[in-house]
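Shown below: entry.txt, with compact mmCIF, C-alpha atoms.
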# COMPACT_ATOMS: atom_id res chain seq x y z
CA MET A 1 -14.06 -45.23 -23.68
CA SER A 2 -12.14 -47.75 -21.63
CA ALA A 3 -8.65 -49.01 -22.38
CA PHE A 4 -10.03 -52.52 -22.70
CA GLY A 5 -11.72 -54.03 -25.73
CA LYS A 6 -15.50 -53.98 -25.88
CA ASN A 7 -17.28 -57.08 -24.56
CA THR A 8 -14.43 -57.82 -22.17
CA ALA A 9 -14.97 -58.42 -18.48
CA ALA A 10 -12.49 -55.63 -17.74
CA ALA A 11 -14.55 -53.11 -19.75
CA ARG A 12 -17.44 -53.93 -17.38
CA GLY A 13 -15.22 -53.34 -14.36
CA LEU A 14 -14.98 -57.04 -13.55
CA SER A 15 -11.77 -58.95 -12.90
CA SER A 16 -11.61 -62.69 -13.27
CA CYS A 17 -9.80 -64.78 -10.64
CA HIS A 18 -7.02 -66.87 -12.20
CA VAL A 19 -7.43 -69.56 -9.56
CA CYS A 20 -11.16 -70.15 -9.18
CA GLY A 21 -12.54 -68.23 -12.16
CA LEU A 22 -14.95 -66.00 -10.21
CA LEU A 23 -15.75 -62.61 -11.72
CA SER A 24 -15.73 -59.85 -9.13
CA ALA A 25 -15.87 -56.05 -9.12
CA SER A 26 -12.40 -54.73 -9.82
CA LYS A 27 -12.34 -52.81 -6.53
CA HIS A 28 -11.45 -56.09 -4.78
CA SER A 29 -7.75 -56.85 -4.42
CA ARG A 30 -8.43 -60.43 -3.29
CA CYS A 31 -10.94 -62.83 -4.80
CA PRO A 32 -14.02 -62.83 -2.52
CA ARG A 33 -14.44 -66.57 -3.10
CA CYS A 34 -10.98 -68.14 -2.90
CA GLY A 35 -8.80 -65.35 -1.53
CA ALA A 36 -6.24 -65.33 -4.36
CA ALA A 37 -4.94 -61.93 -5.49
CA VAL A 38 -7.02 -60.60 -8.40
CA HIS A 39 -6.24 -57.90 -10.94
CA LEU A 40 -7.87 -56.66 -14.13
CA ARG A 41 -4.52 -57.51 -15.76
CA THR A 42 -1.38 -59.05 -14.26
CA PRO A 43 0.57 -56.06 -12.89
CA HIS A 44 3.80 -55.28 -14.79
CA SER A 45 3.24 -58.39 -16.87
CA LEU A 46 5.63 -57.49 -19.70
CA GLN A 47 8.40 -56.33 -17.36
CA LYS A 48 8.22 -59.54 -15.33
CA THR A 49 8.13 -61.72 -18.45
CA THR A 50 11.11 -59.89 -19.93
CA ALA A 51 13.09 -60.16 -16.69
CA PHE A 52 12.46 -63.90 -16.44
CA LEU A 53 13.34 -64.36 -20.12
CA ILE A 54 16.66 -62.57 -19.68
CA ALA A 55 17.40 -64.78 -16.68
CA ALA A 56 16.51 -67.85 -18.75
CA ALA A 57 18.74 -66.80 -21.64
CA VAL A 58 21.65 -66.20 -19.24
CA LEU A 59 21.18 -69.57 -17.52
CA PHE A 60 20.86 -71.31 -20.88
CA LEU A 61 24.58 -70.72 -21.55
CA PRO A 62 26.04 -72.60 -18.54
CA ALA A 63 23.29 -75.19 -18.95
CA ASN A 64 24.65 -76.07 -22.39
CA LEU A 65 28.34 -75.25 -22.07
CA LEU A 66 29.13 -76.88 -18.71
CA PRO A 67 29.12 -80.64 -18.24
CA ILE A 68 25.78 -82.06 -17.08
CA MET A 69 27.41 -85.25 -15.79
CA PHE A 70 30.75 -86.95 -15.22
CA THR A 71 31.31 -90.66 -15.89
CA GLU A 72 34.15 -92.18 -13.87
CA GLN A 73 35.18 -95.52 -15.27
CA LEU A 74 38.22 -97.40 -13.93
CA GLY A 75 40.03 -94.22 -12.99
CA SER A 76 39.28 -92.15 -16.08
CA VAL A 77 36.77 -89.31 -15.91
CA HIS A 78 34.65 -88.31 -18.87
CA ALA A 79 32.59 -85.11 -18.79
CA SER A 80 29.53 -84.82 -21.02
CA THR A 81 27.42 -81.84 -21.99
CA ILE A 82 23.79 -82.02 -23.11
CA ILE A 83 24.73 -81.73 -26.78
CA GLY A 84 27.57 -84.22 -26.28
CA GLY A 85 25.06 -86.71 -24.86
CA VAL A 86 22.71 -86.21 -27.81
CA LEU A 87 25.55 -86.75 -30.31
CA LEU A 88 26.69 -89.88 -28.49
CA LEU A 89 23.19 -91.36 -28.53
CA TRP A 90 22.89 -90.51 -32.22
CA GLU A 91 26.19 -92.26 -33.02
CA HIS A 92 25.02 -95.32 -31.11
CA GLY A 93 21.91 -95.43 -33.25
CA SER A 94 19.43 -94.51 -30.47
CA TYR A 95 17.74 -92.00 -32.77
CA PRO A 96 14.39 -91.70 -30.92
CA ILE A 97 16.08 -91.07 -27.54
CA ALA A 98 18.55 -88.63 -29.10
CA ALA A 99 15.59 -86.80 -30.63
CA VAL A 100 13.66 -86.72 -27.33
CA ILE A 101 16.64 -85.25 -25.46
CA PHE A 102 17.42 -82.75 -28.21
CA ILE A 103 13.83 -81.54 -28.49
CA ALA A 104 13.23 -81.40 -24.73
CA SER A 105 16.57 -79.91 -23.70
CA VAL A 106 17.63 -77.67 -26.55
CA PHE A 107 14.78 -76.99 -28.93
CA ILE A 108 11.88 -76.44 -26.48
CA PRO A 109 13.68 -74.06 -24.08
CA LEU A 110 15.08 -72.00 -26.95
CA ALA A 111 11.78 -71.96 -28.83
CA LYS A 112 9.94 -71.05 -25.65
CA ILE A 113 12.26 -68.13 -24.85
CA MET A 114 12.02 -66.81 -28.41
CA MET A 115 8.24 -67.22 -28.68
CA LEU A 116 7.57 -65.50 -25.36
CA ALA A 117 9.99 -62.71 -26.26
CA TRP A 118 8.21 -62.25 -29.58
CA LEU A 119 4.78 -62.28 -27.89
CA ALA A 120 5.91 -59.68 -25.32
CA TRP A 121 7.39 -57.57 -28.11
CA SER A 122 4.21 -57.83 -30.21
CA VAL A 123 2.13 -56.68 -27.24
CA SER A 124 4.48 -53.80 -26.43
CA LYS A 125 4.28 -52.48 -30.00
CA GLN A 126 0.48 -52.89 -29.81
CA SER A 127 0.27 -55.32 -32.69
CA LYS A 128 -3.25 -55.93 -33.96
CA THR A 129 -2.57 -58.99 -36.09
CA LYS A 130 -3.79 -62.53 -35.52
CA PRO A 131 -4.65 -62.34 -31.82
CA ARG A 132 -6.10 -65.83 -31.93
CA GLN A 133 -2.95 -67.42 -33.34
CA ARG A 134 -0.81 -65.54 -30.85
CA THR A 135 -3.00 -66.79 -28.00
CA ALA A 136 -2.64 -70.35 -29.30
CA LEU A 137 1.13 -69.88 -29.42
CA TYR A 138 1.10 -68.70 -25.82
CA ARG A 139 -0.98 -71.69 -24.78
CA ALA A 140 1.58 -73.99 -26.45
CA THR A 141 4.55 -72.40 -24.64
CA GLU A 142 2.74 -72.79 -21.34
CA LEU A 143 2.02 -76.47 -22.03
CA VAL A 144 5.38 -77.76 -23.21
CA GLY A 145 7.61 -75.94 -20.71
CA ARG A 146 7.71 -78.59 -18.00
CA TRP A 147 8.90 -81.29 -20.39
CA SER A 148 12.34 -79.72 -20.62
CA MET A 149 13.01 -81.02 -17.12
CA VAL A 150 13.45 -84.53 -18.53
CA ASP A 151 17.24 -84.31 -18.83
CA VAL A 152 17.64 -83.19 -15.22
CA PHE A 153 15.67 -86.23 -14.11
CA VAL A 154 17.76 -88.52 -16.34
CA VAL A 155 20.88 -87.25 -14.56
CA ALA A 156 19.26 -87.72 -11.14
CA ILE A 157 18.35 -91.32 -12.00
CA LEU A 158 21.74 -92.21 -13.49
CA VAL A 159 23.51 -90.71 -10.48
CA ALA A 160 21.35 -92.71 -8.09
CA LEU A 161 21.60 -95.93 -10.04
CA ILE A 162 25.15 -96.08 -11.33
CA GLN A 163 27.33 -96.16 -8.22
CA LEU A 164 29.67 -99.12 -8.60
CA GLY A 165 32.63 -97.65 -6.70
CA GLY A 166 35.79 -97.47 -8.81
CA VAL A 167 34.35 -99.55 -11.64
CA LEU A 168 31.69 -97.15 -12.82
CA THR A 169 30.32 -94.07 -11.09
CA ILE A 170 28.27 -91.16 -12.39
CA ARG A 171 28.32 -87.73 -10.81
CA ALA A 172 26.14 -84.74 -11.62
CA GLY A 173 27.66 -81.62 -13.18
CA ALA A 174 26.92 -77.95 -12.67
CA ALA A 175 24.83 -77.76 -15.86
CA ALA A 176 22.10 -79.84 -14.21
CA LEU A 177 21.26 -77.09 -11.71
CA ALA A 178 21.57 -74.38 -14.38
CA PHE A 179 19.22 -76.35 -16.58
CA CYS A 180 16.73 -76.82 -13.75
CA GLY A 181 16.91 -73.03 -13.38
CA VAL A 182 16.19 -72.50 -17.09
CA VAL A 183 13.04 -74.62 -16.88
CA MET A 184 11.75 -72.97 -13.71
CA VAL A 185 12.45 -69.44 -14.92
CA THR A 186 10.78 -70.04 -18.31
CA MET A 187 7.75 -71.46 -16.47
CA LEU A 188 7.60 -68.27 -14.39
CA ALA A 189 8.02 -66.18 -17.56
CA ALA A 190 5.06 -67.92 -19.20
CA HIS A 191 3.04 -67.57 -15.99
CA SER A 192 3.66 -63.83 -15.69
CA PHE A 193 2.74 -63.12 -19.32
CA ASP A 194 -0.89 -62.02 -19.43
CA SER A 195 -2.36 -63.21 -22.73
CA ARG A 196 -5.33 -60.86 -22.29
CA LEU A 197 -2.95 -58.03 -23.22
CA ILE A 198 -2.82 -59.49 -26.74
CA TRP A 199 -6.54 -58.80 -27.10
CA ASP A 200 -6.54 -55.37 -25.43
CA THR A 201 -4.68 -53.81 -28.34
CA CYS A 202 -6.97 -55.38 -30.92
CA SER A 203 -9.97 -53.11 -31.37
CA GLY A 204 -13.26 -54.88 -30.77
CA GLU A 205 -14.15 -55.11 -34.44
CA GLU A 206 -10.94 -56.68 -35.64
CA ALA A 207 -10.98 -59.13 -32.80
CA ASP A 208 -14.54 -60.04 -33.67
CA HIS A 209 -13.65 -60.57 -37.33
CA ASP A 210 -11.13 -63.09 -36.22
CA HIS A 211 -13.65 -65.40 -34.66
CA ARG A 212 -16.16 -67.45 -36.48
CA MET B 1 -24.28 -87.15 -0.77
CA ILE B 2 -24.32 -84.56 -3.50
CA SER B 3 -26.42 -85.71 -6.41
CA MET B 4 -23.93 -86.10 -9.24
CA ALA B 5 -26.57 -85.91 -11.93
CA GLU B 6 -26.80 -82.21 -11.16
CA ARG B 7 -26.12 -79.77 -13.94
CA GLY B 8 -23.48 -77.10 -13.64
CA PRO B 9 -25.10 -73.76 -12.79
CA ALA B 10 -25.15 -71.00 -15.38
CA GLY B 11 -22.86 -68.06 -14.75
CA SER B 12 -20.78 -65.28 -16.23
CA PHE B 13 -17.10 -65.81 -16.94
CA GLY B 14 -14.24 -63.66 -18.12
CA CYS B 15 -12.09 -65.76 -20.46
CA HIS B 16 -8.76 -66.13 -18.68
CA GLU B 17 -6.88 -65.93 -21.96
CA CYS B 18 -8.65 -63.10 -23.82
CA ASP B 19 -10.98 -61.63 -21.15
CA LEU B 20 -14.11 -61.87 -23.30
CA PHE B 21 -17.21 -61.59 -21.11
CA VAL B 22 -19.28 -64.73 -21.68
CA ASP B 23 -22.57 -65.88 -20.20
CA VAL B 24 -22.22 -69.63 -19.90
CA PRO B 25 -25.54 -71.54 -19.77
CA GLU B 26 -26.20 -74.52 -17.51
CA LEU B 27 -23.80 -77.34 -18.32
CA ALA B 28 -24.90 -80.97 -18.50
CA PRO B 29 -22.55 -83.59 -17.00
CA GLY B 30 -19.61 -84.07 -19.35
CA GLU B 31 -20.10 -80.69 -21.04
CA HIS B 32 -17.37 -78.17 -21.54
CA ALA B 33 -17.68 -74.47 -22.46
CA ARG B 34 -15.06 -72.83 -24.65
CA CYS B 35 -14.44 -69.16 -25.31
CA PRO B 36 -16.12 -68.26 -28.64
CA ARG B 37 -13.33 -65.81 -29.43
CA CYS B 38 -10.03 -67.55 -28.52
CA ARG B 39 -11.20 -71.15 -27.90
CA ALA B 40 -9.71 -71.32 -24.39
CA SER B 41 -11.54 -73.51 -21.91
CA LEU B 42 -14.01 -71.40 -19.89
CA ALA B 43 -15.76 -73.89 -17.65
CA ALA B 44 -16.14 -77.65 -17.53
CA TRP B 45 -18.59 -79.85 -15.69
CA PRO B 46 -17.05 -83.36 -15.70
CA ARG B 47 -19.44 -86.24 -15.15
CA ASP B 48 -19.27 -87.52 -11.55
CA GLY B 49 -16.12 -85.45 -11.18
CA LEU B 50 -15.88 -85.16 -7.39
CA ARG B 51 -16.40 -88.86 -6.75
CA ARG B 52 -14.09 -89.93 -9.55
CA GLY B 53 -11.47 -87.46 -8.40
CA LEU B 54 -11.67 -88.83 -4.86
CA SER B 55 -11.40 -92.47 -6.00
CA TYR B 56 -8.36 -91.76 -8.15
CA ALA B 57 -6.72 -89.70 -5.41
CA LEU B 58 -7.22 -92.52 -2.86
CA ALA B 59 -5.72 -95.05 -5.27
CA ALA B 60 -2.86 -92.63 -5.96
CA VAL B 61 -1.91 -92.22 -2.31
CA ILE B 62 -1.74 -96.00 -1.82
CA LEU B 63 0.40 -96.39 -4.94
CA LEU B 64 2.71 -93.58 -3.83
CA VAL B 65 3.35 -95.38 -0.53
CA LEU B 66 4.05 -98.63 -2.43
CA ALA B 67 6.37 -96.76 -4.80
CA ASN B 68 8.55 -95.85 -1.83
CA LEU B 69 8.73 -99.33 -0.30
CA TYR B 70 10.45 -101.40 -2.98
CA PRO B 71 13.44 -101.03 -5.33
CA PHE B 72 12.72 -98.65 -8.19
CA LEU B 73 15.39 -99.77 -10.63
CA SER B 74 18.24 -102.23 -10.34
CA PHE B 75 21.38 -102.28 -12.35
CA GLY B 76 24.07 -104.91 -12.75
CA ALA B 77 27.40 -104.80 -14.60
CA SER B 78 30.67 -106.72 -14.28
CA GLY B 79 29.23 -108.89 -11.53
CA LEU B 80 28.33 -105.88 -9.40
CA GLU B 81 24.77 -105.02 -8.62
CA ARG B 82 23.03 -101.90 -7.40
CA GLN B 83 19.44 -101.12 -6.55
CA MET B 84 17.97 -97.68 -6.20
CA THR B 85 14.81 -96.47 -4.53
CA LEU B 86 12.69 -93.58 -5.72
CA LEU B 87 13.97 -91.25 -2.99
CA GLN B 88 17.57 -92.02 -3.87
CA SER B 89 17.18 -90.10 -7.12
CA ALA B 90 17.27 -87.04 -4.84
CA SER B 91 19.36 -88.27 -1.89
CA GLN B 92 22.30 -89.42 -4.00
CA LEU B 93 22.55 -85.94 -5.53
CA TYR B 94 22.55 -84.55 -1.99
CA GLN B 95 25.42 -86.84 -1.01
CA GLN B 96 27.43 -85.62 -3.99
CA GLY B 97 27.05 -82.08 -2.70
CA HIS B 98 24.32 -80.90 -5.10
CA HIS B 99 22.05 -79.83 -2.25
CA LEU B 100 19.87 -77.34 -4.09
CA LEU B 101 19.39 -79.64 -7.09
CA ALA B 102 18.54 -82.54 -4.76
CA GLY B 103 15.93 -80.37 -3.03
CA LEU B 104 14.36 -79.35 -6.33
CA VAL B 105 14.22 -82.92 -7.65
CA LEU B 106 12.64 -84.07 -4.37
CA THR B 107 10.14 -81.20 -4.58
CA PHE B 108 9.08 -81.91 -8.15
CA ILE B 109 8.80 -85.70 -8.02
CA VAL B 110 7.78 -86.54 -4.45
CA ALA B 111 6.91 -83.55 -2.26
CA VAL B 112 4.60 -81.58 -4.57
CA PRO B 113 2.79 -84.63 -6.02
CA GLY B 114 2.45 -86.18 -2.55
CA VAL B 115 1.06 -83.01 -0.99
CA LEU B 116 -1.19 -82.53 -4.02
CA THR B 117 -2.67 -86.03 -3.58
CA VAL B 118 -3.23 -85.60 0.17
CA PHE B 119 -4.80 -82.17 -0.39
CA LEU B 120 -7.10 -83.63 -3.05
CA ILE B 121 -8.33 -86.25 -0.58
CA ALA B 122 -8.73 -83.69 2.22
CA LEU B 123 -10.70 -81.46 -0.16
CA LEU B 124 -12.87 -84.08 -1.85
CA MET B 125 -13.78 -86.23 1.18
CA PRO B 126 -15.80 -83.43 2.85
CA LEU B 127 -17.33 -82.41 -0.50
CA VAL B 128 -18.46 -85.91 -1.47
CA PHE B 129 -19.58 -87.08 1.98
CA ARG B 130 -20.73 -83.68 3.25
CA LEU B 131 -18.40 -83.72 6.25
CA ASP B 132 -17.61 -80.61 8.24
CA MET B 133 -14.16 -79.37 7.64
CA ALA B 134 -12.55 -75.96 7.74
CA GLY B 135 -10.08 -74.70 5.19
CA LEU B 136 -11.65 -76.12 2.02
CA ARG B 137 -11.14 -72.85 0.15
CA TRP B 138 -7.48 -72.80 1.08
CA LEU B 139 -7.09 -76.45 0.01
CA ALA B 140 -8.77 -75.88 -3.35
CA ARG B 141 -6.64 -72.81 -4.01
CA SER B 142 -3.46 -74.73 -3.11
CA VAL B 143 -4.36 -77.63 -5.41
CA TYR B 144 -4.60 -75.28 -8.41
CA LEU B 145 -1.39 -73.43 -7.51
CA LEU B 146 0.64 -76.62 -6.94
CA GLY B 147 -0.56 -78.40 -10.09
CA PRO B 148 2.00 -77.13 -12.62
CA TRP B 149 4.91 -77.90 -10.27
CA SER B 150 4.20 -81.62 -10.07
CA MET B 151 6.47 -83.18 -12.69
CA VAL B 152 5.88 -86.87 -12.16
CA ASP B 153 4.87 -87.41 -15.78
CA VAL B 154 8.09 -85.80 -16.98
CA PHE B 155 10.05 -87.90 -14.48
CA LEU B 156 8.50 -91.04 -15.92
CA ILE B 157 9.78 -90.14 -19.38
CA GLY B 158 13.14 -89.49 -17.72
CA VAL B 159 13.12 -93.03 -16.32
CA LEU B 160 12.40 -94.49 -19.75
CA VAL B 161 15.16 -92.41 -21.35
CA SER B 162 17.69 -93.48 -18.69
CA PHE B 163 16.54 -97.06 -19.08
CA THR B 164 17.22 -97.10 -22.82
CA LYS B 165 20.45 -95.17 -22.34
CA ILE B 166 22.02 -97.80 -20.10
CA ALA B 167 20.18 -100.96 -21.17
CA ALA B 168 22.94 -101.57 -23.73
CA LEU B 169 25.80 -101.57 -21.23
CA ALA B 170 24.22 -103.37 -18.29
CA ASP B 171 21.28 -105.41 -17.07
CA VAL B 172 18.65 -102.95 -15.96
CA VAL B 173 15.53 -104.22 -14.24
CA LEU B 174 12.43 -102.17 -13.57
CA GLY B 175 11.48 -102.80 -9.94
CA LEU B 176 8.11 -103.15 -8.28
CA SER B 177 8.23 -99.52 -7.18
CA PHE B 178 8.56 -98.40 -10.77
CA TRP B 179 5.24 -100.01 -11.67
CA ALA B 180 3.61 -98.60 -8.53
CA PHE B 181 4.90 -95.17 -9.55
CA VAL B 182 3.46 -95.55 -13.07
CA GLY B 183 0.11 -96.32 -11.43
CA PHE B 184 0.50 -93.30 -9.15
CA VAL B 185 1.16 -90.97 -12.09
CA VAL B 186 -1.83 -92.30 -14.03
CA CYS B 187 -4.16 -92.00 -10.99
CA LEU B 188 -2.98 -88.51 -10.05
CA MET B 189 -3.46 -87.26 -13.60
CA ALA B 190 -6.86 -88.94 -13.81
CA ALA B 191 -7.87 -87.35 -10.48
CA LEU B 192 -6.89 -83.88 -11.65
CA SER B 193 -8.62 -84.25 -15.00
CA SER B 194 -11.83 -85.44 -13.29
CA LEU B 195 -12.08 -82.03 -11.67
CA SER B 196 -12.56 -78.49 -12.90
CA PRO B 197 -12.47 -75.20 -10.98
CA HIS B 198 -16.14 -74.65 -11.87
CA LEU B 199 -17.11 -78.02 -10.38
CA VAL B 200 -14.97 -77.74 -7.24
CA TRP B 201 -15.92 -74.14 -6.42
CA THR B 202 -19.61 -74.70 -7.09
CA ALA B 203 -19.49 -77.63 -4.65
CA ILE B 204 -17.67 -75.57 -2.01
CA GLU B 205 -20.15 -72.71 -2.32
CA GLU B 206 -23.19 -75.01 -2.20
CA ARG B 207 -21.91 -76.66 0.94
CA GLU B 208 -21.39 -73.41 2.76
CA LEU B 209 -24.83 -71.99 1.98
Rewritten as structure tokens:
Amino acid sequence: MSAFGKNTAAARGLSSCHVCGLLSASKHSRCPRCGAAVHLRTPHSLQKTTAFLIAAAVLFLPANLLPIMFTEQLGSVHASTIIGGVLLLWEHGSYPIAAVIFIASVFIPLAKIMMLAWLAWSVSKQSKTKPRQRTALYRATELVGRWSMVDVFVVAILVALIQLGGVLTIRAGAAALAFCGVVMVTMLAAHSFDSRLIWDTCSGEEADHDHR
Amino acid sequence: MISMAERGPAGSFGCHECDLFVDVPELAPGEHARCPRCRASLAAWPRDGLRRGLSYALAAVILLVLANLYPFLSFGASGLERQMTLLQSASQLYQQGHHLLAGLVLTFIVAVPGVLTVFLIALLMPLVFRLDMAGLRWLARSVYLLGPWSMVDVFLIGVLVSFTKIAALADVVLGLSFWAFVGFVVCLMAALSSLSPHLVWTAIEEREL
């Protein structure tokens, strides 16, 4: 009996290339068609995901605590954090923009870290429940991750645009790089999580019951 | 020229999300196979995909050049005026000493999308017109690895957010380059969604037979 669920490609000794989709005998280490590295399952998937998630959680602190930009106006310097910027927009009545920044910069990264951590944990304790919903959750984390970069780009644009010497100048703060790091590291965490592991622990029958 | 009315060949796939082994039948143009167990996309055969992808990629490369020629945004307050170009969103960060951040911004909004577009053209030209060219497999692999790191769509939302943020305190004008860049983003996304790995790799394999 193999370690993989019945009816899987892996149980037939076939690994599927994540780049071109070709199925090949698992003795190959590179895809015979496109040359990408192939494995039955991503090696050390959970360890890599966990490592990237820890890095993301660590970077998330400076990203939110340090100023993301400095506004210099007529000699006075004002530092603003991500949350500070959201609150300011809210006070000015720009509710949709405040919501976009809050969701993209605070909610999505946090939700993504927690969801991936929960998925990795559920796989490590060999959970058998709702594989289909967990796969859908994984798909969602993979899709929304890039959108957190929006605040970094806003800073880059404001810095480039608002350079009026002593009258009004905007400079970038250290949080911008930390935040860029959070987004990249969570993207790598999602990429290294192998969702096929979710299904490996579900015995064939239960997995089959789940699909209609 | 490859006949685009062709159907996608039948084949076996391992679902990349749940690893179910699935025999996918021939696909008609426009058809899309999903995993019966987890609903992930298994294989797609977009209608006229290679030719559409090439047309959009060619339009995209022209628009990207235009997007770098004119002012992107201009900003005026207290009688002072300032214009910025697309590349300045990275170079100004560099001048302020944020070298790494500047490099990353440049990578995500210009370098990766630009290389992606050029690679798409280099890949699709030989496939559509049956030209001889080496390295198609490498190009196709690179296109799929680069894809997630192109963040032009996110950047566009960033422009709109910045625009609304400062529109209250100054006169902000969207420049010609901004509109060219919007066109570039739309064309690049359309090019990528006209293609599928199944389509591209079937075409590469057919050509090399």
Closest-contact table, region 15-122 of chain B side, partner region 168-175 of chain A, 9 Å, counting all atoms listed in the file, as JSON lines:
{"residue": "B:Ala77", "atom": "CA", "partner": "A:Leu168", "partner_atom": "CA", "distance": 8.9}
{"residue": "B:Leu93", "atom": "CA", "partner": "A:Ala172", "partner_atom": "CA", "distance": 7.2}
{"residue": "B:Gln96", "atom": "CA", "partner": "A:Arg171", "partner_atom": "CA", "distance": 7.2}
{"residue": "B:His98", "atom": "CA", "partner": "A:Ala172", "partner_atom": "CA", "distance": 7.8}
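Among B:Leu169, B:Met151, B:Val118, B:Leu63, the residue with the shortest atom-to-atom distance to Met149 (chain A), counting all atoms listed in the file, is B:Met151.
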Checklist entry - Counting only C-alpha atoms, which residues of chain B come no farther than 8 Å from chain A, as a count of residues only? => result 51
Checklist entry - Which value, in Å to one decimal, gives the distance between CA of Ala189 (chain A) and CA of Phe107 (chain A)? => result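 If I compute the distance from CA of Ala189 (chain A) to CA of Phe107 (chain A), I get 17.1 Å.
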Checklist entry - From the set B:Leu156, B:Gly147, B:Phe178, B:Leu66, which residue has the shortest atom-to-atom contact distance to Val112 (chain B), counting only C-alpha atoms? => result B:Gly147
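In this structure, CA of Gly49 (chain B) sits 22.4 Å away from CA of Trp149 (chain B).
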Write out as a compact mmCIF listing (two decimals) with C-alpha atoms, in the frame of the given file each polymer residue whose atoms come within 9 Å of Leu136 (chain B), counting only C-alpha atoms; drop sequence neighbours fewer than 3 positions from it.
# COMPACT_ATOMS: atom_id res chain seq x y z
CA ALA B 122 -8.73 -83.69 2.22
CA LEU B 123 -10.70 -81.46 -0.16
CA LEU B 124 -12.87 -84.08 -1.85
CA PRO B 126 -15.80 -83.43 2.85
CA LEU B 127 -17.33 -82.41 -0.50
CA MET B 133 -14.16 -79.37 7.64
CA LEU B 139 -7.09 -76.45 0.01
CA ALA B 140 -8.77 -75.88 -3.35
CA ARG B 141 -6.64 -72.81 -4.01
CA ILE B 204 -17.67 -75.57 -2.01
Item to check | Contacts of Glu6 (chain B) at 12 Å (all atoms listed in the file; same-chain gap of 6+ positions) as a PyMOL selection string | outcome: chain B and resi 26-30+45-50+199+202-203
